[in-house]
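Single-structure report; data block below.
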Amino acid sequence: MNYEDLLKMVKNRRSFRRFKRDAIPAGSVEKIIEVARYSPSAGNSQPWEFIVVEDDKVKRSITKNIALKFGDAEKIDPDLYTGCAVQPHMYTAPVLIVVCGDPRLEQTYPKFLDRGILLHQSLAICIYSMELAAASLGLVTAWATIQGGPPEEEVKKLLDIPNVLTVDHIIPLGYPDEEGERKNERMRPVRERARQRRSFNELVHYSKYDRSRLRSDKEIADFIWSKSVTRITRS
Ligand SMILES: Cc1cc2nc3c(=O)[nH]c(=O)nc-3n(C[C@H](O)[C@H](O)[C@H](O)COP(=O)(O)O)c2cc1C
């Protein structure tokens, strides 16, 4: 693959949160996990394992239980509209890939660094590899983040995941339901903002950091709440 093809694929990839129920071709999951398997990881620790969930009842149960836990969170943080994070339609995707991490592998990382960060960076790269592999097969996905809170505990129970492991993310996999997405007016700002990227010149410094371009707190706030970030308020 040349650079132009890679750039095209990277730019065309986008998260989808509505899925057609159509089955995906046999072997797609294995192809995607094969790409993930070759992802770089800190110390080549390869701290990942994958659970492939195809059973309708189990997919529904995972989605519902996560949504319930996020619902509880909204009661404590009433400004937060979790519609995007929760992915309430995840169960309609023909496959969910649950990505587990093994924190025991943190032992392989230098002690004076933040080992937890290294673990989760490694897992994140593996998931992005999966997103790219899915895109190359004409399939779509979006991260569903659940780690570190009650939703993670819920998924561990449902899938009998040993306590020593973490559940970092769930990756629904399927064909995009573009009409379903368009119909959801509430998600429009999320969709529009998610397409935005900061310009090249805004983020690259040559030789040393150009302090005249350090963004002010106001610019950061505008960026977060009006331009780019997909965490939207309820109002
Ligand atoms: C670490 C990480 C966590 C994410 N968690 C979620 C999530 O919980 N729910 C979700 O719908 N999207 C999630 N996303 C997807 C981002 O919202 C999305 O990648 C971003 O808005 C850019 O949009 P794009 O993927 O369409 O380019 C996550 C992405 C990353 C890298």
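Starting from 1 in every chain, residues are counted up; chains themselves are A, B, ... following the order of the structure tokens, and ligands are numbered from 1 as listed.
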Each residue of chain A with at least one atom at most 10 Å from ligand 1 should appear once, together with its nearest atom pair and the corresponding distance in Å (one decimal); atoms considered: only C-alpha atoms and all ligand atoms; ordering: chain, then increasing residue number; output as JSON lines.
{"residue": "A:Val10", "atom": "CA", "partner": "ligand 1", "partner_atom_place_in_ligand_line": "27 (O)", "distance": 8.9}
{"residue": "A:Lys11", "atom": "CA", "partner": "ligand 1", "partner_atom_place_in_ligand_line": "27 (O)", "distance": 8.0}
{"residue": "A:Asn12", "atom": "CA", "partner": "ligand 1", "partner_atom_place_in_ligand_line": "27 (O)", "distance": 8.5}
{"residue": "A:Arg13", "atom": "CA", "partner": "ligand 1", "partner_atom_place_in_ligand_line": "27 (O)", "distance": 6.6}
{"residue": "A:Arg14", "atom": "CA", "partner": "ligand 1", "partner_atom_place_in_ligand_line": "26 (O)", "distance": 3.4}
{"residue": "A:Ser15", "atom": "CA", "partner": "ligand 1", "partner_atom_place_in_ligand_line": "26 (O)", "distance": 3.7}
{"residue": "A:Phe16", "atom": "CA", "partner": "ligand 1", "partner_atom_place_in_ligand_line": "26 (O)", "distance": 6.8}
{"residue": "A:Arg17", "atom": "CA", "partner": "ligand 1", "partner_atom_place_in_ligand_line": "11 (O)", "distance": 6.4}
{"residue": "A:Thr82", "atom": "CA", "partner": "ligand 1", "partner_atom_place_in_ligand_line": "9 (N)", "distance": 8.7}
{"residue": "A:Gly83", "atom": "CA", "partner": "ligand 1", "partner_atom_place_in_ligand_line": "11 (O)", "distance": 8.1}
{"residue": "A:Cys84", "atom": "CA", "partner": "ligand 1", "partner_atom_place_in_ligand_line": "11 (O)", "distance": 4.6}
{"residue": "A:Ala85", "atom": "CA", "partner": "ligand 1", "partner_atom_place_in_ligand_line": "9 (N)", "distance": 3.5}
{"residue": "A:Val86", "atom": "CA", "partner": "ligand 1", "partner_atom_place_in_ligand_line": "9 (N)", "distance": 6.0}
{"residue": "A:Gln87", "atom": "CA", "partner": "ligand 1", "partner_atom_place_in_ligand_line": "11 (O)", "distance": 5.6}
{"residue": "A:Pro88", "atom": "CA", "partner": "ligand 1", "partner_atom_place_in_ligand_line": "11 (O)", "distance": 9.3}
{"residue": "A:Met90", "atom": "CA", "partner": "ligand 1", "partner_atom_place_in_ligand_line": "11 (O)", "distance": 9.5}
{"residue": "A:His120", "atom": "CA", "partner": "ligand 1", "partner_atom_place_in_ligand_line": "1 (C)", "distance": 9.0}
{"residue": "A:Gln121", "atom": "CA", "partner": "ligand 1", "partner_atom_place_in_ligand_line": "1 (C)", "distance": 8.9}
{"residue": "A:Leu123", "atom": "CA", "partner": "ligand 1", "partner_atom_place_in_ligand_line": "1 (C)", "distance": 9.4}
{"residue": "A:Ala124", "atom": "CA", "partner": "ligand 1", "partner_atom_place_in_ligand_line": "1 (C)", "distance": 6.4}
{"residue": "A:Ile125", "atom": "CA", "partner": "ligand 1", "partner_atom_place_in_ligand_line": "31 (C)", "distance": 8.9}
{"residue": "A:Ile127", "atom": "CA", "partner": "ligand 1", "partner_atom_place_in_ligand_line": "31 (C)", "distance": 8.4}
{"residue": "A:Tyr128", "atom": "CA", "partner": "ligand 1", "partner_atom_place_in_ligand_line": "31 (C)", "distance": 7.5}
{"residue": "A:Glu131", "atom": "CA", "partner": "ligand 1", "partner_atom_place_in_ligand_line": "25 (O)", "distance": 8.9}
{"residue": "A:Val140", "atom": "CA", "partner": "ligand 1", "partner_atom_place_in_ligand_line": "25 (O)", "distance": 9.9}
{"residue": "A:Thr141", "atom": "CA", "partner": "ligand 1", "partner_atom_place_in_ligand_line": "25 (O)", "distance": 8.6}
{"residue": "A:Ala142", "atom": "CA", "partner": "ligand 1", "partner_atom_place_in_ligand_line": "12 (N)", "distance": 5.3}
{"residue": "A:Trp143", "atom": "CA", "partner": "ligand 1", "partner_atom_place_in_ligand_line": "13 (C)", "distance": 4.4}
{"residue": "A:Ala144", "atom": "CA", "partner": "ligand 1", "partner_atom_place_in_ligand_line": "8 (O)", "distance": 3.7}
{"residue": "A:Thr145", "atom": "CA", "partner": "ligand 1", "partner_atom_place_in_ligand_line": "8 (O)", "distance": 3.7}
{"residue": "A:Ile146", "atom": "CA", "partner": "ligand 1", "partner_atom_place_in_ligand_line": "8 (O)", "distance": 6.8}
{"residue": "A:Gln147", "atom": "CA", "partner": "ligand 1", "partner_atom_place_in_ligand_line": "8 (O)", "distance": 9.5}
{"residue": "A:Asp168", "atom": "CA", "partner": "ligand 1", "partner_atom_place_in_ligand_line": "1 (C)", "distance": 9.2}
{"residue": "A:His169", "atom": "CA", "partner": "ligand 1", "partner_atom_place_in_ligand_line": "5 (N)", "distance": 7.7}
{"residue": "A:Ile170", "atom": "CA", "partner": "ligand 1", "partner_atom_place_in_ligand_line": "8 (O)", "distance": 8.6}
{"residue": "A:Ile171", "atom": "CA", "partner": "ligand 1", "partner_atom_place_in_ligand_line": "7 (C)", "distance": 9.5}
{"residue": "A:Val190", "atom": "CA", "partner": "ligand 1", "partner_atom_place_in_ligand_line": "21 (O)", "distance": 7.1}
{"residue": "A:Arg191", "atom": "CA", "partner": "ligand 1", "partner_atom_place_in_ligand_line": "26 (O)", "distance": 7.2}
{"residue": "A:Glu192", "atom": "CA", "partner": "ligand 1", "partner_atom_place_in_ligand_line": "26 (O)", "distance": 9.0}
{"residue": "A:Arg193", "atom": "CA", "partner": "ligand 1", "partner_atom_place_in_ligand_line": "21 (O)", "distance": 7.2}
{"residue": "A:Ala194", "atom": "CA", "partner": "ligand 1", "partner_atom_place_in_ligand_line": "23 (O)", "distance": 4.1}
{"residue": "A:Arg195", "atom": "CA", "partner": "ligand 1", "partner_atom_place_in_ligand_line": "27 (O)", "distance": 5.7}
{"residue": "A:Gln196", "atom": "CA", "partner": "ligand 1", "partner_atom_place_in_ligand_line": "22 (C)", "distance": 7.9}
{"residue": "A:Arg197", "atom": "CA", "partner": "ligand 1", "partner_atom_place_in_ligand_line": "27 (O)", "distance": 8.6}
{"residue": "A:Ser228", "atom": "CA", "partner": "ligand 1", "partner_atom_place_in_ligand_line": "21 (O)", "distance": 8.1}
{"residue": "A:Val229", "atom": "CA", "partner": "ligand 1", "partner_atom_place_in_ligand_line": "21 (O)", "distance": 6.9}
{"residue": "A:Thr230", "atom": "CA", "partner": "ligand 1", "partner_atom_place_in_ligand_line": "21 (O)", "distance": 5.6}
{"residue": "A:Arg231", "atom": "CA", "partner": "ligand 1", "partner_atom_place_in_ligand_line": "17 (O)", "distance": 8.1}
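The residue set within 12 Å of Leu118 in chain A, counting only C-alpha atoms and dropping same-chain residues fewer than 2 places from it, reads Pro40, Ser41, Ala42, Gly43, Asn44, Ser45, Gln46, Pro47, Gly101, Asp102, Pro103, Leu105, Glu106, Gln107, Thr108, Tyr109, Pro110, Lys111, Phe112, Leu113, Asp114, Arg115, Gly116, His120, Gln121, Ser122, Leu123, Ala124 and Ile125 of chain A.
Reported to one decimal place, the separation of CA of Val95 in chain A from CA of Lys69 in chain A is 21.7 Å.
Distance check against Leu119 in chain A using only C-alpha atoms: of A:Met9, A:Met1, A:Ala135, A:Cys100, the minimum falls on A:Cys100.
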If you count only C-alpha atoms, which residues fall within 12 Å of Arg213 in chain A, apart from same-chain ones fewer than 5 positions away, as an MDAnalysis selection string?
-> chainID A and resid 201:205 208 219
Next, write the just-selected residues to a file, as a short mmCIF file (atom, residue, chain, number, x, y, z; two decimals), in the first residue's frame, keeping C-alpha atoms as the atom set.
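Everything below was put into result-v7.cif:
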data_model
loop_
_atom_site.label_atom_id
_atom_site.label_comp_id
_atom_site.auth_asym_id
_atom_site.auth_seq_id
_atom_site.Cartn_x
_atom_site.Cartn_y
_atom_site.Cartn_z
CA ASN A 201 0.05 24.27 11.20
CA GLU A 202 -1.78 24.58 14.48
CA LEU A 203 -0.19 21.48 15.94
CA VAL A 204 3.28 21.19 14.53
CA HIS A 205 6.28 23.02 15.94
CA LYS A 208 11.27 24.00 19.56
CA GLU A 219 -9.41 28.96 23.16
#
Quick one: DSSP strand (DSSP E or B) residues in range 48-211 of chain A, as a PyMOL selection string?
-> chain A and resi 48-53+80+95-101+140+144-145+166-174+176
Preceding selection exported with N, CA and C atoms as a PDB file, in the first residue's frame:
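Saved to part_1.pdb:
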ATOM      1  N   TRP A  48      -3.210  -7.893  25.367  1.00  0.00           N
ATOM      2  CA  TRP A  48      -4.612  -7.951  24.923  1.00  0.00           C
ATOM      3  C   TRP A  48      -5.153  -9.368  24.775  1.00  0.00           C
ATOM      4  N   GLU A  49      -6.452  -9.492  24.998  1.00  0.00           N
ATOM      5  CA  GLU A  49      -7.200 -10.705  24.647  1.00  0.00           C
ATOM      6  C   GLU A  49      -8.565 -10.241  24.152  1.00  0.00           C
ATOM      7  N   PHE A  50      -9.204 -11.067  23.352  1.00  0.00           N
ATOM      8  CA  PHE A  50     -10.426 -10.627  22.684  1.00  0.00           C
ATOM      9  C   PHE A  50     -11.550 -11.644  22.909  1.00  0.00           C
ATOM     10  N   ILE A  51     -12.722 -11.142  23.201  1.00  0.00           N
ATOM     11  CA  ILE A  51     -13.885 -12.031  23.287  1.00  0.00           C
ATOM     12  C   ILE A  51     -14.834 -11.631  22.156  1.00  0.00           C
ATOM     13  N   VAL A  52     -15.147 -12.595  21.309  1.00  0.00           N
ATOM     14  CA  VAL A  52     -16.008 -12.322  20.159  1.00  0.00           C
ATOM     15  C   VAL A  52     -17.431 -12.713  20.540  1.00  0.00           C
ATOM     16  N   VAL A  53     -18.325 -11.754  20.564  1.00  0.00           N
ATOM     17  CA  VAL A  53     -19.706 -12.018  20.999  1.00  0.00           C
ATOM     18  C   VAL A  53     -20.654 -11.849  19.812  1.00  0.00           C
ATOM     19  N   LEU A  80     -24.162  15.872  31.935  1.00  0.00           N
ATOM     20  CA  LEU A  80     -23.568  14.984  30.944  1.00  0.00           C
ATOM     21  C   LEU A  80     -24.630  14.209  30.171  1.00  0.00           C
ATOM     22  N   VAL A  95     -21.542  -8.296  15.426  1.00  0.00           N
ATOM     23  CA  VAL A  95     -20.473  -8.800  16.314  1.00  0.00           C
ATOM     24  C   VAL A  95     -20.023  -7.695  17.268  1.00  0.00           C
ATOM     25  N   LEU A  96     -19.778  -8.084  18.509  1.00  0.00           N
ATOM     26  CA  LEU A  96     -19.083  -7.193  19.448  1.00  0.00           C
ATOM     27  C   LEU A  96     -17.748  -7.861  19.765  1.00  0.00           C
ATOM     28  N   ILE A  97     -16.682  -7.088  19.663  1.00  0.00           N
ATOM     29  CA  ILE A  97     -15.389  -7.620  20.112  1.00  0.00           C
ATOM     30  C   ILE A  97     -15.041  -6.907  21.418  1.00  0.00           C
ATOM     31  N   VAL A  98     -14.936  -7.697  22.462  1.00  0.00           N
ATOM     32  CA  VAL A  98     -14.621  -7.144  23.779  1.00  0.00           C
ATOM     33  C   VAL A  98     -13.100  -7.266  23.968  1.00  0.00           C
ATOM     34  N   VAL A  99     -12.460  -6.131  24.210  1.00  0.00           N
ATOM     35  CA  VAL A  99     -10.996  -6.130  24.313  1.00  0.00           C
ATOM     36  C   VAL A  99     -10.591  -6.082  25.788  1.00  0.00           C
ATOM     37  N   CYS A 100      -9.926  -7.141  26.224  1.00  0.00           N
ATOM     38  CA  CYS A 100      -9.482  -7.223  27.622  1.00  0.00           C
ATOM     39  C   CYS A 100      -7.986  -6.929  27.695  1.00  0.00           C
ATOM     40  N   GLY A 101      -7.572  -6.373  28.824  1.00  0.00           N
ATOM     41  CA  GLY A 101      -6.150  -6.124  29.063  1.00  0.00           C
ATOM     42  C   GLY A 101      -5.691  -6.901  30.283  1.00  0.00           C
ATOM     43  N   VAL A 140     -17.581  -0.992   9.700  1.00  0.00           N
ATOM     44  CA  VAL A 140     -17.414   0.171  10.580  1.00  0.00           C
ATOM     45  C   VAL A 140     -17.521  -0.243  12.044  1.00  0.00           C
ATOM     46  N   ALA A 144     -16.427   1.678  22.380  1.00  0.00           N
ATOM     47  CA  ALA A 144     -17.330   1.853  23.516  1.00  0.00           C
ATOM     48  C   ALA A 144     -16.461   1.699  24.762  1.00  0.00           C
ATOM     49  N   THR A 145     -16.281   2.812  25.442  1.00  0.00           N
ATOM     50  CA  THR A 145     -15.353   2.853  26.567  1.00  0.00           C
ATOM     51  C   THR A 145     -16.073   2.513  27.857  1.00  0.00           C
ATOM     52  N   THR A 166      -8.691  -6.534  32.760  1.00  0.00           N
ATOM     53  CA  THR A 166      -9.533  -5.348  32.620  1.00  0.00           C
ATOM     54  C   THR A 166     -10.334  -5.502  31.330  1.00  0.00           C
ATOM     55  N   VAL A 167     -11.467  -4.819  31.280  1.00  0.00           N
ATOM     56  CA  VAL A 167     -12.171  -4.725  29.997  1.00  0.00           C
ATOM     57  C   VAL A 167     -11.989  -3.293  29.550  1.00  0.00           C
ATOM     58  N   ASP A 168     -11.183  -3.112  28.537  1.00  0.00           N
ATOM     59  CA  ASP A 168     -10.865  -1.745  28.140  1.00  0.00           C
ATOM     60  C   ASP A 168     -11.951  -1.117  27.287  1.00  0.00           C
ATOM     61  N   HIS A 169     -12.273  -1.806  26.227  1.00  0.00           N
ATOM     62  CA  HIS A 169     -13.249  -1.265  25.296  1.00  0.00           C
ATOM     63  C   HIS A 169     -14.042  -2.394  24.663  1.00  0.00           C
ATOM     64  N   ILE A 170     -15.175  -2.010  24.102  1.00  0.00           N
ATOM     65  CA  ILE A 170     -15.941  -2.945  23.283  1.00  0.00           C
ATOM     66  C   ILE A 170     -16.000  -2.343  21.883  1.00  0.00           C
ATOM     67  N   ILE A 171     -15.786  -3.183  20.899  1.00  0.00           N
ATOM     68  CA  ILE A 171     -15.772  -2.715  19.512  1.00  0.00           C
ATOM     69  C   ILE A 171     -16.912  -3.401  18.760  1.00  0.00           C
ATOM     70  N   PRO A 172     -18.017  -2.678  18.534  1.00  0.00           N
ATOM     71  CA  PRO A 172     -19.060  -3.258  17.688  1.00  0.00           C
ATOM     72  C   PRO A 172     -18.574  -3.261  16.243  1.00  0.00           C
ATOM     73  N   LEU A 173     -18.992  -4.254  15.502  1.00  0.00           N
ATOM     74  CA  LEU A 173     -18.476  -4.410  14.148  1.00  0.00           C
ATOM     75  C   LEU A 173     -19.623  -4.729  13.199  1.00  0.00           C
ATOM     76  N   GLY A 174     -19.743  -3.960  12.130  1.00  0.00           N
ATOM     77  CA  GLY A 174     -20.828  -4.243  11.193  1.00  0.00           C
ATOM     78  C   GLY A 174     -20.818  -3.297  10.019  1.00  0.00           C
ATOM     79  N   PRO A 176     -22.481   0.085   8.166  1.00  0.00           N
ATOM     80  CA  PRO A 176     -23.074   1.332   8.681  1.00  0.00           C
ATOM     81  C   PRO A 176     -24.545   1.483   8.312  1.00  0.00           C
TER      82      PRO A 176
END
Filtered DSSP result for range 6-217 of chain A, state helix (DSSP H, G or I), as a ChimeraX atom specification = /A:6-12,28-37,42-44,56-76,83-86,90-92,103-108,115-136,150-159,178-183,185-194,200-203,211-213,217
Please produce an output containing C-alpha atoms for each residue in the selection, written as an mmCIF file, in the first residue's frame.
data_model
loop_
_atom_site.group_PDB
_atom_site.id
_atom_site.type_symbol
_atom_site.label_atom_id
_atom_site.label_comp_id
_atom_site.auth_asym_id
_atom_site.auth_seq_id
_atom_site.Cartn_x
_atom_site.Cartn_y
_atom_site.Cartn_z
ATOM 1 C CA LEU A 6 -3.111 4.837 3.465
ATOM 2 C CA LEU A 7 -4.010 8.518 3.907
ATOM 3 C CA LYS A 8 -7.257 8.011 1.997
ATOM 4 C CA MET A 9 -8.244 5.105 4.212
ATOM 5 C CA VAL A 10 -7.323 6.970 7.389
ATOM 6 C CA LYS A 11 -9.322 10.022 6.317
ATOM 7 C CA ASN A 12 -12.324 8.008 5.197
ATOM 8 C CA SER A 28 -13.794 -10.903 8.923
ATOM 9 C CA VAL A 29 -13.380 -10.994 12.691
ATOM 10 C CA GLU A 30 -10.339 -13.215 12.406
ATOM 11 C CA LYS A 31 -8.820 -10.922 9.766
ATOM 12 C CA ILE A 32 -9.320 -7.923 12.023
ATOM 13 C CA ILE A 33 -7.863 -9.628 15.074
ATOM 14 C CA GLU A 34 -4.914 -10.789 12.978
ATOM 15 C CA VAL A 35 -4.074 -7.139 12.285
ATOM 16 C CA ALA A 36 -4.528 -6.301 15.978
ATOM 17 C CA ARG A 37 -2.165 -9.107 16.923
ATOM 18 C CA ALA A 42 5.168 -1.374 25.242
ATOM 19 C CA GLY A 43 7.976 -3.901 25.705
ATOM 20 C CA ASN A 44 6.145 -6.106 23.181
ATOM 21 C CA ASP A 56 -28.120 -11.706 20.186
ATOM 22 C CA LYS A 57 -29.219 -12.168 23.780
ATOM 23 C CA VAL A 58 -25.733 -11.631 25.139
ATOM 24 C CA LYS A 59 -25.158 -8.545 22.965
ATOM 25 C CA ARG A 60 -28.440 -7.078 24.184
ATOM 26 C CA SER A 61 -27.658 -7.854 27.765
ATOM 27 C CA ILE A 62 -24.222 -6.214 27.547
ATOM 28 C CA THR A 63 -25.640 -3.091 25.916
ATOM 29 C CA LYS A 64 -28.548 -2.794 28.316
ATOM 30 C CA ASN A 65 -26.469 -3.293 31.436
ATOM 31 C CA ILE A 66 -23.888 -0.747 30.352
ATOM 32 C CA ALA A 67 -26.638 1.766 29.540
ATOM 33 C CA LEU A 68 -28.192 1.259 32.965
ATOM 34 C CA LYS A 69 -24.886 1.940 34.687
ATOM 35 C CA PHE A 70 -24.314 5.051 32.581
ATOM 36 C CA GLY A 71 -27.860 6.087 33.470
ATOM 37 C CA ASP A 72 -26.866 5.983 37.141
ATOM 38 C CA ALA A 73 -23.824 8.131 36.290
ATOM 39 C CA GLU A 74 -25.997 10.753 34.639
ATOM 40 C CA LYS A 75 -27.878 11.161 37.912
ATOM 41 C CA ILE A 76 -24.618 12.217 39.599
ATOM 42 C CA GLY A 83 -25.886 9.121 24.559
ATOM 43 C CA CYS A 84 -22.683 9.004 22.578
ATOM 44 C CA ALA A 85 -20.503 7.211 25.074
ATOM 45 C CA VAL A 86 -23.029 4.563 25.956
ATOM 46 C CA MET A 90 -24.329 -1.440 19.922
ATOM 47 C CA TYR A 91 -26.321 -4.681 20.160
ATOM 48 C CA THR A 92 -27.592 -4.336 16.581
ATOM 49 C CA PRO A 103 -2.347 -5.502 34.016
ATOM 50 C CA ARG A 104 0.072 -8.183 35.226
ATOM 51 C CA LEU A 105 2.101 -7.316 32.145
ATOM 52 C CA GLU A 106 2.808 -3.894 33.629
ATOM 53 C CA GLN A 107 5.754 -5.648 35.295
ATOM 54 C CA THR A 108 7.504 -5.525 31.940
ATOM 55 C CA ARG A 115 2.974 1.656 33.905
ATOM 56 C CA GLY A 116 -0.815 1.929 33.760
ATOM 57 C CA ILE A 117 -0.509 4.465 30.961
ATOM 58 C CA LEU A 118 1.806 2.176 29.022
ATOM 59 C CA LEU A 119 -0.677 -0.672 29.340
ATOM 60 C CA HIS A 120 -3.613 1.364 28.116
ATOM 61 C CA GLN A 121 -1.610 3.014 25.341
ATOM 62 C CA SER A 122 -0.745 -0.445 24.086
ATOM 63 C CA LEU A 123 -4.387 -1.507 24.171
ATOM 64 C CA ALA A 124 -5.462 1.698 22.427
ATOM 65 C CA ILE A 125 -3.066 1.129 19.553
ATOM 66 C CA CYS A 126 -4.399 -2.378 19.149
ATOM 67 C CA ILE A 127 -7.934 -1.042 18.927
ATOM 68 C CA TYR A 128 -7.001 1.555 16.327
ATOM 69 C CA SER A 129 -5.376 -1.218 14.306
ATOM 70 C CA MET A 130 -8.716 -3.017 14.465
ATOM 71 C CA GLU A 131 -10.551 0.102 13.303
ATOM 72 C CA LEU A 132 -8.261 0.408 10.300
ATOM 73 C CA ALA A 133 -8.560 -3.283 9.494
ATOM 74 C CA ALA A 134 -12.360 -2.991 9.689
ATOM 75 C CA ALA A 135 -12.262 0.043 7.378
ATOM 76 C CA SER A 136 -10.155 -1.877 4.867
ATOM 77 C CA PRO A 150 -19.476 -0.048 37.161
ATOM 78 C CA PRO A 151 -20.058 -0.806 33.432
ATOM 79 C CA GLU A 152 -16.786 -2.727 33.340
ATOM 80 C CA GLU A 153 -17.821 -4.801 36.350
ATOM 81 C CA GLU A 154 -21.122 -5.549 34.663
ATOM 82 C CA VAL A 155 -19.450 -6.831 31.467
ATOM 83 C CA LYS A 156 -17.004 -8.923 33.478
ATOM 84 C CA LYS A 157 -19.890 -10.645 35.210
ATOM 85 C CA LEU A 158 -21.822 -11.247 31.995
ATOM 86 C CA LEU A 159 -18.869 -12.760 30.134
ATOM 87 C CA GLU A 178 -26.309 5.771 7.577
ATOM 88 C CA GLU A 179 -30.015 6.532 7.539
ATOM 89 C CA GLY A 180 -30.381 5.434 11.156
ATOM 90 C CA GLU A 181 -27.589 7.801 12.090
ATOM 91 C CA ARG A 182 -29.023 10.696 10.114
ATOM 92 C CA LYS A 183 -32.411 10.269 11.799
ATOM 93 C CA GLU A 185 -30.970 14.635 15.457
ATOM 94 C CA ARG A 186 -29.605 14.579 19.018
ATOM 95 C CA MET A 187 -26.338 13.136 17.762
ATOM 96 C CA ARG A 188 -25.869 15.648 14.938
ATOM 97 C CA PRO A 189 -23.356 17.866 16.794
ATOM 98 C CA VAL A 190 -21.392 14.781 17.738
ATOM 99 C CA ARG A 191 -21.241 13.656 14.123
ATOM 100 C CA GLU A 192 -20.281 17.077 12.833
ATOM 101 C CA ARG A 193 -17.653 17.741 15.449
ATOM 102 C CA ALA A 194 -16.167 14.302 15.075
ATOM 103 C CA PHE A 200 -1.487 20.852 10.515
ATOM 104 C CA ASN A 201 0.048 24.272 11.200
ATOM 105 C CA GLU A 202 -1.780 24.576 14.478
ATOM 106 C CA LEU A 203 -0.195 21.479 15.940
ATOM 107 C CA ARG A 211 5.036 29.606 22.717
ATOM 108 C CA SER A 212 3.261 32.340 20.795
ATOM 109 C CA ARG A 213 0.942 29.573 19.583
ATOM 110 C CA ASP A 217 -7.693 28.767 28.337
#
Gap from CA of Gly148 in chain A to CA of Asp160 in chain A - Å, one decimal | 16.8 Å
Could you check how far CA of Pro25 in chain A sits from CA of Leu137 in chain A, in Å to one decimal?
->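 A separation of 9.5 Å between them.
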